[in-house]
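File shown: upload08.txt. Contents: compact mmCIF, C-alpha atoms.
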```txt
# COMPACT_ATOMS: atom_id res chain seq x y z
CA MET U 1 53.38 39.88 36.58
CA ASP U 2 50.82 41.87 38.52
CA TYR U 3 51.90 44.55 41.01
CA ARG U 4 52.16 42.18 43.97
CA GLU U 5 54.29 39.76 41.95
CA THR U 6 56.45 42.62 40.69
CA LEU U 7 57.19 43.79 44.23
CA ALA U 8 57.96 40.23 45.28
CA PHE U 9 60.46 40.02 42.43
CA LEU U 10 62.13 43.29 43.47
CA PHE U 11 62.25 42.43 47.18
CA GLU U 12 63.23 38.77 46.87
CA GLN U 13 65.44 38.64 43.80
CA LEU U 14 67.53 41.76 44.35
CA PRO U 15 69.86 42.31 47.34
CA MET U 16 68.35 45.04 49.52
CA PHE U 17 70.49 46.80 52.14
CA GLN U 18 67.55 47.63 54.38
CA ARG U 19 66.75 43.94 54.67
CA VAL U 20 70.05 42.10 54.51
CA GLY U 21 72.70 44.74 55.22
CA ALA U 22 76.25 44.67 53.87
CA ALA U 23 75.60 41.93 51.28
CA ALA U 24 73.55 44.44 49.25
CA TYR U 25 76.13 47.25 49.28
CA LYS U 26 77.86 48.00 45.95
CA ALA U 27 80.92 50.23 46.31
CA ASP U 28 81.04 51.65 42.80
CA LEU U 29 78.78 53.24 40.17
CA SER U 30 79.31 50.77 37.32
CA ASN U 31 75.95 49.03 37.77
CA THR U 32 74.03 52.30 37.89
CA ILE U 33 75.86 53.61 34.83
CA ALA U 34 75.00 50.39 32.96
CA LEU U 35 71.34 50.57 34.04
CA CYS U 36 71.05 54.21 32.99
CA ARG U 37 72.56 53.40 29.60
CA LEU U 38 70.05 50.56 29.22
CA ILE U 39 67.10 52.90 29.75
CA GLY U 40 68.40 55.74 27.59
CA ASN U 41 70.19 57.90 30.19
CA PRO U 42 67.15 59.87 31.36
CA GLU U 43 69.21 61.30 34.25
CA GLN U 44 71.06 63.44 31.70
CA LYS U 45 67.83 65.26 30.74
CA LEU U 46 66.54 66.01 34.24
CA ARG U 47 67.33 68.78 36.72
CA PHE U 48 68.17 67.82 40.29
CA VAL U 49 68.67 69.00 43.84
CA HIS U 50 71.00 66.33 45.26
CA ILE U 51 70.98 65.75 49.04
CA ALA U 52 73.36 63.76 51.25
CA GLY U 53 73.90 63.66 55.00
CA THR U 54 73.97 61.40 58.02
CA ASN U 55 70.76 62.81 59.48
CA GLY U 56 68.14 65.24 58.23
CA LYS U 57 68.45 64.54 54.53
CA GLY U 58 64.98 62.95 54.28
CA SER U 59 63.19 65.77 56.06
CA THR U 60 65.19 68.39 54.14
CA ALA U 61 64.36 66.64 50.86
CA HIS U 62 60.64 66.68 51.67
CA MET U 63 60.79 70.34 52.76
CA THR U 64 62.61 71.34 49.58
CA ALA U 65 60.16 69.41 47.41
CA SER U 66 57.21 71.01 49.21
CA ILE U 67 58.60 74.51 48.55
CA LEU U 68 59.10 73.70 44.86
CA GLN U 69 55.57 72.31 44.63
CA GLU U 70 54.15 75.49 46.16
CA ALA U 71 56.13 77.45 43.56
CA GLY U 72 54.27 75.53 40.85
CA TYR U 73 57.05 73.22 39.68
CA LYS U 74 56.30 69.66 38.63
CA THR U 75 58.49 68.16 41.35
CA GLY U 76 59.91 64.67 41.57
CA LEU U 77 61.01 63.31 44.95
CA PHE U 78 63.24 60.27 45.42
CA THR U 79 63.84 59.10 49.01
CA SER U 80 64.53 55.90 50.93
CA PRO U 81 63.66 53.69 52.62
CA HIS U 82 59.90 53.42 52.37
CA LEU U 83 57.74 52.79 55.43
CA LYS U 84 54.47 51.35 54.11
CA ASP U 85 54.52 51.31 50.31
CA PHE U 86 57.46 50.84 47.95
CA ARG U 87 56.18 53.73 45.83
CA GLU U 88 56.86 56.21 48.65
CA ARG U 89 60.39 56.23 47.24
CA ILE U 90 59.30 57.77 43.94
CA ARG U 91 56.73 60.59 44.03
CA LEU U 92 55.61 63.33 41.66
CA ASN U 93 54.07 66.35 43.41
CA GLY U 94 53.55 64.12 46.42
CA GLU U 95 51.68 61.43 44.50
CA LEU U 96 53.07 57.90 44.54
CA MET U 97 54.39 56.43 41.31
CA GLU U 98 51.60 54.48 39.61
CA GLN U 99 51.55 50.73 40.13
CA ASP U 100 51.26 50.17 36.38
CA ALA U 101 54.43 52.19 35.82
CA VAL U 102 56.35 50.02 38.31
CA ILE U 103 55.14 46.90 36.50
CA GLU U 104 56.00 48.33 33.08
CA PHE U 105 59.54 49.28 34.09
CA VAL U 106 60.31 45.87 35.56
CA GLU U 107 58.74 43.95 32.65
CA GLN U 108 60.54 46.04 30.06
CA PHE U 109 64.05 45.80 31.48
CA LYS U 110 64.34 42.87 33.90
CA ASP U 111 65.67 40.40 31.32
CA GLU U 112 68.65 42.71 30.77
CA TRP U 113 69.55 42.73 34.46
CA THR U 114 71.01 39.22 34.42
CA ASN U 115 74.41 40.38 33.24
CA ILE U 116 74.44 43.57 35.32
CA LYS U 117 73.45 41.89 38.61
CA PRO U 118 72.12 45.10 40.18
CA SER U 119 71.06 45.71 43.77
CA PHE U 120 67.56 46.73 44.81
CA PHE U 121 68.66 50.33 45.36
CA GLU U 122 70.42 50.55 41.99
CA ILE U 123 67.25 49.35 40.25
CA THR U 124 65.10 51.76 42.25
CA ALA U 125 67.31 54.76 41.36
CA ALA U 126 67.17 53.83 37.68
CA MET U 127 63.40 53.40 37.92
CA ALA U 128 63.11 56.87 39.40
CA PHE U 129 65.14 58.47 36.61
CA TRP U 130 63.04 56.64 33.99
CA TYR U 131 59.75 57.63 35.62
CA PHE U 132 60.57 61.27 36.26
CA ASP U 133 61.68 61.70 32.64
CA ARG U 134 58.54 59.96 31.42
CA VAL U 135 56.14 62.16 33.43
CA GLY U 136 57.98 65.39 32.65
CA ALA U 137 59.31 66.36 36.07
CA GLU U 138 60.69 69.90 35.92
CA ILE U 139 63.01 69.32 38.88
CA VAL U 140 63.81 66.28 41.04
CA VAL U 141 64.81 66.35 44.70
CA LEU U 142 67.14 63.36 44.93
CA GLU U 143 68.18 61.86 48.28
CA THR U 144 71.27 59.68 48.45
CA GLY U 145 70.95 56.25 49.99
CA MET U 146 73.96 56.02 52.29
CA GLY U 147 77.08 57.89 51.34
CA GLY U 148 77.60 60.19 48.40
CA ARG U 149 80.70 59.58 46.29
CA LEU U 150 79.77 55.99 45.43
CA ASP U 151 76.01 56.25 45.97
CA SER U 152 73.84 55.05 43.09
CA THR U 153 72.30 58.51 42.79
CA ASN U 154 75.69 60.12 42.12
CA VAL U 155 75.41 59.91 38.34
CA VAL U 156 73.62 63.27 38.08
CA ARG U 157 74.78 66.84 37.62
CA PRO U 158 72.55 68.80 40.00
CA GLU U 159 71.53 72.43 40.07
CA ILE U 160 72.73 72.49 43.68
CA SER U 161 73.97 69.96 46.22
CA ILE U 162 72.95 69.85 49.89
CA ILE U 163 74.86 68.19 52.74
CA THR U 164 72.71 68.26 55.86
CA SER U 165 74.91 66.76 58.60
CA ILE U 166 77.86 64.45 59.20
CA GLY U 167 77.88 61.90 62.01
CA MET U 168 79.24 58.49 62.92
CA ASP U 169 76.99 56.04 61.09
CA HIS U 170 77.62 53.25 58.55
CA MET U 171 81.30 53.40 59.48
CA GLN U 172 81.97 49.96 57.97
CA PHE U 173 81.23 51.47 54.55
CA LEU U 174 82.05 55.18 54.82
CA GLY U 175 85.01 55.32 57.20
CA ASP U 176 85.70 55.42 60.91
CA THR U 177 86.26 59.17 61.37
CA ILE U 178 84.15 62.27 60.78
CA GLU U 179 86.66 63.43 58.17
CA LYS U 180 86.43 60.19 56.17
CA ILE U 181 82.63 60.17 56.29
CA ALA U 182 82.53 63.84 55.28
CA ALA U 183 84.77 63.10 52.31
CA GLU U 184 82.35 60.41 51.13
CA LYS U 185 79.32 62.70 51.50
CA ALA U 186 81.22 65.52 49.75
CA GLY U 187 81.41 63.31 46.68
CA ILE U 188 78.09 64.75 45.51
CA ILE U 189 79.65 68.22 45.05
CA LYS U 190 79.96 68.91 41.32
CA LEU U 191 82.17 71.28 39.38
CA GLY U 192 80.91 74.85 39.68
CA LYS U 193 77.64 73.87 41.36
CA PRO U 194 76.76 75.44 44.75
CA VAL U 195 76.64 73.30 47.88
CA VAL U 196 74.35 74.19 50.79
CA THR U 197 75.39 72.87 54.20
CA GLY U 198 73.29 72.21 57.29
CA ARG U 199 74.67 71.98 60.83
CA LEU U 200 78.15 70.47 60.45
CA VAL U 201 80.79 69.90 63.10
CA PRO U 202 83.97 71.93 62.36
CA GLU U 203 86.06 68.99 61.16
CA ALA U 204 83.33 67.99 58.67
CA LEU U 205 82.83 71.56 57.44
CA GLU U 206 86.57 71.86 56.80
CA VAL U 207 86.45 68.78 54.53
CA ILE U 208 83.38 70.09 52.67
CA ARG U 209 84.98 73.51 52.14
CA ALA U 210 88.17 71.91 50.79
CA LYS U 211 86.23 69.72 48.35
CA ALA U 212 84.16 72.73 47.26
CA ARG U 213 87.32 74.79 46.63
CA ASP U 214 88.69 72.02 44.42
CA ALA U 215 85.39 71.92 42.51
CA LYS U 216 85.16 75.74 42.30
CA SER U 217 81.77 75.40 44.03
CA PRO U 218 80.42 78.13 46.30
CA VAL U 219 79.51 77.00 49.83
CA ILE U 220 76.32 78.35 51.42
CA GLU U 221 76.26 77.70 55.17
CA SER U 222 72.67 77.65 56.43
CA ASP U 223 73.31 77.13 60.15
CA THR U 224 72.95 80.78 61.05
CA ASP U 225 70.50 82.88 63.01
CA GLN U 226 70.25 85.15 59.98
CA ILE U 227 67.82 82.61 58.53
CA SER U 228 64.63 82.84 60.57
CA VAL U 229 62.43 79.75 60.74
CA PRO U 230 58.69 80.18 60.04
CA PRO U 231 56.00 77.91 61.53
CA LEU U 232 56.60 74.28 60.57
CA ASP U 233 54.21 71.37 60.35
CA LEU U 234 57.08 68.92 61.00
CA LYS U 235 57.80 68.64 64.72
CA GLY U 236 60.92 67.48 66.48
CA PRO U 237 64.28 68.81 67.60
CA PHE U 238 66.07 68.89 64.27
CA GLN U 239 63.37 70.34 62.04
CA PRO U 240 64.29 74.03 62.51
CA ILE U 241 67.84 73.13 61.43
CA ASN U 242 66.51 71.25 58.40
CA ALA U 243 64.18 74.15 57.59
CA ARG U 244 67.09 76.62 57.50
CA THR U 245 68.87 74.29 55.07
CA ALA U 246 65.79 74.04 52.84
CA ILE U 247 65.34 77.84 52.93
CA ALA U 248 68.98 78.43 51.96
CA ALA U 249 68.56 75.90 49.14
CA ALA U 250 65.42 77.70 47.91
CA TRP U 251 67.27 81.04 47.94
CA GLU U 252 70.10 79.49 45.93
CA LEU U 253 67.62 78.11 43.39
CA GLN U 254 66.13 81.62 43.15
CA LYS U 255 69.57 82.91 42.12
CA ARG U 256 69.66 80.23 39.43
CA GLY U 257 66.41 81.46 37.88
CA TYR U 258 63.77 79.45 39.72
CA LYS U 259 60.66 81.50 40.47
CA ILE U 260 60.40 80.91 44.22
CA ASP U 261 59.20 83.68 46.52
CA ASP U 262 58.80 84.06 50.29
CA GLU U 263 55.16 82.94 50.17
CA HIS U 264 56.16 79.67 48.49
CA ILE U 265 58.73 79.05 51.21
CA LEU U 266 56.27 79.83 54.02
CA LYS U 267 53.53 77.63 52.56
CA GLY U 268 55.94 74.88 51.62
CA LEU U 269 57.35 74.59 55.14
CA SER U 270 53.91 74.65 56.74
CA ARG U 271 52.48 71.94 54.43
CA VAL U 272 55.23 69.34 54.11
CA THR U 273 53.17 66.35 55.21
CA VAL U 274 50.20 67.42 53.07
CA ASN U 275 52.32 68.11 49.99
CA THR U 276 54.74 65.18 50.18
CA GLY U 277 53.24 62.56 52.52
CA LEU U 278 56.23 62.39 54.87
CA LEU U 279 55.83 59.92 57.76
CA GLY U 280 57.80 58.92 60.84
CA ARG U 281 59.42 62.20 61.91
CA TRP U 282 58.37 62.91 65.51
CA GLN U 283 54.98 61.64 64.44
CA VAL U 284 52.33 61.77 67.17
CA LEU U 285 50.17 58.64 67.03
CA ARG U 286 48.03 59.35 70.12
CA GLU U 287 47.56 62.20 72.57
CA GLN U 288 46.62 60.14 75.68
CA PRO U 289 49.00 58.69 76.48
CA LEU U 290 51.25 60.86 74.33
CA THR U 291 52.62 58.36 71.81
CA VAL U 292 55.40 59.40 69.43
CA THR U 293 57.42 57.54 66.83
CA ASP U 294 60.55 58.66 64.99
CA CYS U 295 63.02 57.13 62.53
CA ALA U 296 66.11 58.29 64.49
CA HIS U 297 68.52 55.34 64.61
CA ASN U 298 72.01 56.67 65.32
CA GLU U 299 73.77 58.58 68.08
CA PRO U 300 73.33 62.18 66.84
CA ALA U 301 69.66 61.67 65.99
CA LEU U 302 68.82 59.87 69.22
CA THR U 303 70.57 62.61 71.21
CA GLY U 304 68.10 65.09 69.80
CA ILE U 305 65.16 62.77 70.35
CA LEU U 306 66.03 62.25 74.02
CA LYS U 307 66.30 66.01 74.51
CA GLU U 308 62.86 66.41 72.96
CA ILE U 309 61.40 63.68 75.18
CA ALA U 310 62.86 65.43 78.24
CA ARG U 311 61.00 68.62 77.29
CA HIS U 312 57.62 66.90 77.75
CA ASP U 313 55.69 66.59 80.97
CA TYR U 314 54.76 62.98 81.70
CA HIS U 315 54.49 60.64 84.69
CA ASN U 316 56.29 57.57 83.32
CA LEU U 317 58.20 56.91 80.11
CA HIS U 318 57.67 53.72 78.06
CA MET U 319 60.25 52.95 75.34
CA VAL U 320 59.40 50.48 72.55
CA LEU U 321 62.75 49.84 70.85
CA GLY U 322 64.20 47.64 68.14
CA PHE U 323 67.51 47.96 66.28
CA SER U 324 69.32 46.52 63.27
CA ASN U 325 71.80 43.74 63.92
CA ASP U 326 74.72 45.67 62.37
CA LYS U 327 74.31 48.70 64.65
CA ASP U 328 76.96 49.51 67.27
CA LEU U 329 74.63 49.63 70.28
CA GLU U 330 77.14 50.49 72.99
CA PRO U 331 76.99 54.29 72.55
CA LEU U 332 73.22 54.16 72.06
CA LEU U 333 72.55 52.12 75.20
CA LYS U 334 74.72 54.46 77.26
CA MET U 335 72.49 57.36 76.21
CA LEU U 336 69.09 55.88 77.05
CA PRO U 337 67.32 56.95 80.25
CA LYS U 338 67.35 54.43 83.07
CA GLU U 339 64.08 55.75 84.51
CA ALA U 340 61.89 54.18 81.83
CA THR U 341 60.13 50.90 81.15
CA TYR U 342 61.50 49.12 78.07
CA TYR U 343 59.73 46.91 75.54
CA PHE U 344 62.40 45.34 73.34
CA THR U 345 61.22 44.14 69.97
CA THR U 346 62.17 42.83 66.52
CA ALA U 347 60.97 44.28 63.21
CA LYS U 348 59.94 41.97 60.39
CA VAL U 349 63.19 42.17 58.41
CA PRO U 350 66.14 39.73 58.35
CA ARG U 351 68.49 42.53 59.40
CA ALA U 352 66.66 43.13 62.69
CA LEU U 353 68.41 42.31 65.97
CA PRO U 354 66.44 39.64 67.87
CA ALA U 355 64.52 41.10 70.80
CA ASP U 356 65.98 38.68 73.35
CA LYS U 357 69.52 39.58 72.26
CA LEU U 358 68.67 43.28 72.58
CA MET U 359 67.23 42.70 76.05
CA GLU U 360 70.39 40.85 77.08
CA LEU U 361 72.61 43.73 75.90
CA ALA U 362 70.36 46.27 77.61
CA ALA U 363 70.32 44.32 80.88
CA ALA U 364 74.11 44.56 80.99
CA HIS U 365 73.63 48.33 81.11
CA GLY U 366 71.08 48.12 83.91
CA PHE U 367 67.87 48.52 81.89
CA GLN U 368 64.63 46.86 82.98
CA GLY U 369 62.35 45.50 80.31
CA GLU U 370 60.81 42.60 78.47
CA ALA U 371 61.35 41.12 75.00
CA PHE U 372 58.48 40.83 72.52
CA SER U 373 58.44 38.81 69.33
CA SER U 374 56.81 41.55 67.27
CA VAL U 375 56.49 45.33 67.21
CA ARG U 376 52.72 45.00 67.46
CA LYS U 377 52.94 42.97 70.67
CA ALA U 378 55.47 45.37 72.19
CA TYR U 379 53.32 48.38 71.35
CA GLU U 380 50.19 46.70 72.72
CA ALA U 381 51.99 45.93 75.99
CA ALA U 382 53.15 49.54 76.31
CA ARG U 383 49.61 50.79 75.73
CA LEU U 384 48.30 48.34 78.33
CA TYR U 385 50.67 49.51 81.05
CA ALA U 386 50.79 53.23 80.25
CA SER U 387 48.42 55.64 81.98
CA LYS U 388 46.95 58.69 80.25
CA ARG U 389 49.65 60.92 81.78
CA ASP U 390 52.52 58.70 80.60
CA MET U 391 54.52 58.90 77.37
CA ILE U 392 55.26 56.12 74.87
CA TYR U 393 58.16 56.42 72.43
CA ILE U 394 58.57 53.93 69.56
CA GLY U 395 61.77 53.80 67.54
CA GLY U 396 65.35 52.62 67.18
CA SER U 397 64.88 51.53 63.56
CA VAL U 398 63.03 52.70 60.48
CA PHE U 399 61.50 49.24 60.29
CA VAL U 400 60.06 49.45 63.81
CA VAL U 401 58.46 52.78 62.85
CA ALA U 402 57.09 51.29 59.63
CA GLU U 403 55.03 48.81 61.62
CA VAL U 404 53.18 51.43 63.69
CA VAL U 405 52.54 54.37 61.34
```

Exercise: express the given structure as structure tokens:
Amino acid sequence: MDYRETLAFLFEQLPMFQRVGAAAYKADLSNTIALCRLIGNPEQKLRFVHIAGTNGKGSTAHMTASILQEAGYKTGLFTSPHLKDFRERIRLNGELMEQDAVIEFVEQFKDEWTNIKPSFFEITAAMAFWYFDRVGAEIVVLETGMGGRLDSTNVVRPEISIITSIGMDHMQFLGDTIEKIAAEKAGIIKLGKPVVTGRLVPEALEVIRAKARDAKSPVIESDTDQISVPPLDLKGPFQPINARTAIAAAWELQKRGYKIDDEHILKGLSRVTVNTGLLGRWQVLREQPLTVTDCAHNEPALTGILKEIARHDYHNLHMVLGFSNDKDLEPLLKMLPKEATYYFTTAKVPRALPADKLMELAAAHGFQGEAFSSVRKAYEAARLYASKRDMIYIGGSVFVVAEVV
């Protein structure tokens, strides 16, 4: 198979949560353990920073990787989902995994997958372990997919763990209370290994502390004014919080013998997009009209986004929105500003909520808008009607963002 055919095989033959939702979710680690055994258990040879959280884990992962790169470490970065290119999920020093390596991995092992019946994410995690071992990564920043305890990445023994935030998301898989979700995320805490926390609500922090006590793991709480935030290239309401978490993680790695100094931290946090290629976090697409897109897709993240929008000076607000069909939209719709023009849309994934259904739900909450059959058409309409002094926001789903960045 060539690269295009290899991707088609991965996307079409393997269940992928981002596309089909719950049908792709595997609630145990047996498949990942079998895949790792098949490829020689490379995860046992690598060093990791393991990151979980409801929001902020992607940005924190990229910040941490950028700091490590500035310190001269050959740094692997595993994140999900991708926006434009599958290989965004697996990077070395910011460079995408080579196409030939993707092809080689699939060709070498795919015949053995018949009995394992893995998901797309399980295969991707195994591919990352195989690739990072092959290219000699000195440390890997590893982002969980959804939870923690049963996440496919949770077969590693990290140098440190990071838990960025706990909020109400993916409740059908992780539990219907903050405490239950926190317990799932806390599953990445390993015996004797430090855990760095971001901004956690008290009930979540209590669960994390209890798990850490059981694991004899020190807890480093980063949400403190004692950690000053330097200039950041990533914009948006949550990035100073994420930066404090990344700084605390860097300090903890220093204690464990990693040669990271203040200059590496300063440069790393000011060059995240250059060093790691991060997209879709309060990303400004145009200045006139101010056009911003962001991957925020749940209540805590959208709360911050709406606060950030309110800080800007504009005449009229235009909201291009699309959501997944398994999202509880009631709390999200109650948050959205009434004084805006809405362009409801559908991303090109099976899991997307149809635009007309979204418009119907929004109308019941008093929103005015129109449904569009594609993100491109919705964005074009917003640009047509917006004046130079207006603001356009595009979001609601990672997959909506992927079609405009």

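Checking U:Gly277, U:Pro337, U:Gly304, U:Gly167 one by one against Pro202 (chain U), counting all atoms listed in the file, you find the shortest gap at U:Gly167.
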
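Those residues that approach region 227-234 of chain U to within 8 Å, counting only C-alpha atoms, are Pro240, Ala243, Arg244, Ile247, Ala248, Leu266, Leu269, Ser270, Arg271, Val272, Thr273, Arg281 and Trp282 of chain U; same-chain residues fewer than 6 positions away are not listed.
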
Give me the residues near Thr303 (chain U) as a short mmCIF file (atom, residue, chain, number, x, y, z; two decimals) with C-alpha atoms, keeping the file's coordinate frame, where near means some atom within 10 Å (using only C-alpha atoms) and where sequence neighbours in that chain fewer than 4 positions away do not count.
```
data_model
loop_
_atom_site.label_atom_id
_atom_site.label_comp_id
_atom_site.auth_asym_id
_atom_site.auth_seq_id
_atom_site.Cartn_x
_atom_site.Cartn_y
_atom_site.Cartn_z
CA PRO U 237 64.28 68.81 67.60
CA ALA U 296 66.11 58.29 64.49
CA ASN U 298 72.01 56.67 65.32
CA GLU U 299 73.77 58.58 68.08
CA LYS U 307 66.30 66.01 74.51
CA GLU U 308 62.86 66.41 72.96
CA LEU U 332 73.22 54.16 72.06
CA MET U 335 72.49 57.36 76.21
CA LEU U 336 69.09 55.88 77.05
#
```

Query raised in the report: So which one's closest to Asp28 (chain U), U:Arg149, U:Arg213, U:Lys255, U:Arg91? Using all atoms listed in the file, please.
Result: U:Arg149

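By only C-alpha atoms, and with residues fewer than 2 positions from Phe86 (chain U) along its chain excluded, the set lying at most 10 Å from it is Leu7, Leu10, Phe11, Ser80, Pro81, His82, Leu83, Lys84, Glu88, Arg89, Ile90, Leu96, Met97, Gln99, Val102 and Thr124 of chain U.
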
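Coordinates place CA of Gln69 (chain U) at a distance of 26.8 Å from CA of Leu285 (chain U).
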
**Report entry** Selection near Val401 (chain U), 12 Å with only C-alpha atoms, sequence-local residues under 3 positions removed, as a ChimeraX atom specification
**Finding:** /U:81-84,279-285,292-297,320-323,345-348,375-376,379,393-398,404-405

Mind writing the picked residues with C-alpha atoms as an mmCIF file, in the frame of the given file?
```
data_model
loop_
_atom_site.group_PDB
_atom_site.id
_atom_site.type_symbol
_atom_site.label_atom_id
_atom_site.label_comp_id
_atom_site.auth_asym_id
_atom_site.auth_seq_id
_atom_site.Cartn_x
_atom_site.Cartn_y
_atom_site.Cartn_z
ATOM 1 C CA PRO U 81 63.660 53.690 52.620
ATOM 2 C CA HIS U 82 59.900 53.420 52.370
ATOM 3 C CA LEU U 83 57.740 52.790 55.430
ATOM 4 C CA LYS U 84 54.470 51.350 54.110
ATOM 5 C CA LEU U 279 55.830 59.920 57.760
ATOM 6 C CA GLY U 280 57.800 58.920 60.840
ATOM 7 C CA ARG U 281 59.420 62.200 61.910
ATOM 8 C CA TRP U 282 58.370 62.910 65.510
ATOM 9 C CA GLN U 283 54.980 61.640 64.440
ATOM 10 C CA VAL U 284 52.330 61.770 67.170
ATOM 11 C CA LEU U 285 50.170 58.640 67.030
ATOM 12 C CA VAL U 292 55.400 59.400 69.430
ATOM 13 C CA THR U 293 57.420 57.540 66.830
ATOM 14 C CA ASP U 294 60.550 58.660 64.990
ATOM 15 C CA CYS U 295 63.020 57.130 62.530
ATOM 16 C CA ALA U 296 66.110 58.290 64.490
ATOM 17 C CA HIS U 297 68.520 55.340 64.610
ATOM 18 C CA VAL U 320 59.400 50.480 72.550
ATOM 19 C CA LEU U 321 62.750 49.840 70.850
ATOM 20 C CA GLY U 322 64.200 47.640 68.140
ATOM 21 C CA PHE U 323 67.510 47.960 66.280
ATOM 22 C CA THR U 345 61.220 44.140 69.970
ATOM 23 C CA THR U 346 62.170 42.830 66.520
ATOM 24 C CA ALA U 347 60.970 44.280 63.210
ATOM 25 C CA LYS U 348 59.940 41.970 60.390
ATOM 26 C CA VAL U 375 56.490 45.330 67.210
ATOM 27 C CA ARG U 376 52.720 45.000 67.460
ATOM 28 C CA TYR U 379 53.320 48.380 71.350
ATOM 29 C CA TYR U 393 58.160 56.420 72.430
ATOM 30 C CA ILE U 394 58.570 53.930 69.560
ATOM 31 C CA GLY U 395 61.770 53.800 67.540
ATOM 32 C CA GLY U 396 65.350 52.620 67.180
ATOM 33 C CA SER U 397 64.880 51.530 63.560
ATOM 34 C CA VAL U 398 63.030 52.700 60.480
ATOM 35 C CA VAL U 404 53.180 51.430 63.690
ATOM 36 C CA VAL U 405 52.540 54.370 61.340
#
```

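Residues having any atom no farther than 7 Å from (51.7, 69.8, 45.3) (counting all atoms listed in the file) are Ser66, Gln69, Glu70, Asn93, Gly94 and Asn275 of chain U.
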
Go through region 218-246 of chain U and flag each residue having an atom no more than 10 Å from region 204-211 of chain U; for those, report the closest pair of atoms plus their distance in Å to one decimal, using all atoms listed in the file, ordered by chain and rising number, as CSV.
```
residue,atom,partner,partner_atom,distance
U:Pro218,CA,U:Arg209,CA,8.7
U:Val219,CA,U:Arg209,CA,6.9
U:Ile220,CA,U:Arg209,CA,9.9
U:Glu221,CA,U:Leu205,CA,9.3
```

Complete the atoms of region 194-208 of chain U to N, CA and C atoms and put them out as a compact mmCIF listing (two decimals), keeping the file's coordinate frame.
```txt
# COMPACT_ATOMS: atom_id res chain seq x y z
N PRO U 194 76.76 75.07 43.32
CA PRO U 194 76.76 75.44 44.75
C PRO U 194 76.44 74.25 45.65
N VAL U 195 76.98 74.29 46.87
CA VAL U 195 76.64 73.30 47.88
C VAL U 195 76.14 74.03 49.12
N VAL U 196 74.96 73.63 49.59
CA VAL U 196 74.35 74.19 50.79
C VAL U 196 74.63 73.22 51.94
N THR U 197 75.11 73.73 53.06
CA THR U 197 75.39 72.87 54.20
C THR U 197 74.41 73.15 55.33
N GLY U 198 74.09 72.09 56.09
CA GLY U 198 73.29 72.21 57.29
C GLY U 198 74.19 72.43 58.48
N ARG U 199 73.84 71.83 59.62
CA ARG U 199 74.67 71.98 60.83
C ARG U 199 75.78 70.93 60.79
N LEU U 200 77.00 71.37 60.55
CA LEU U 200 78.15 70.47 60.45
C LEU U 200 79.14 70.78 61.56
N VAL U 201 79.71 69.71 62.12
CA VAL U 201 80.79 69.90 63.10
C VAL U 201 81.99 70.47 62.35
N PRO U 202 82.88 71.23 63.05
CA PRO U 202 83.97 71.93 62.36
C PRO U 202 84.84 71.05 61.48
N GLU U 203 85.17 69.84 61.96
CA GLU U 203 86.06 68.99 61.16
C GLU U 203 85.39 68.53 59.87
N ALA U 204 84.05 68.35 59.89
CA ALA U 204 83.33 67.99 58.67
C ALA U 204 83.23 69.18 57.73
N LEU U 205 82.95 70.35 58.27
CA LEU U 205 82.83 71.56 57.44
C LEU U 205 84.14 71.87 56.74
N GLU U 206 85.25 71.62 57.42
CA GLU U 206 86.57 71.86 56.80
C GLU U 206 86.76 70.98 55.57
N VAL U 207 86.33 69.71 55.66
CA VAL U 207 86.45 68.78 54.53
C VAL U 207 85.55 69.24 53.38
N ILE U 208 84.32 69.65 53.70
CA ILE U 208 83.38 70.09 52.67
C ILE U 208 83.91 71.33 51.97
```
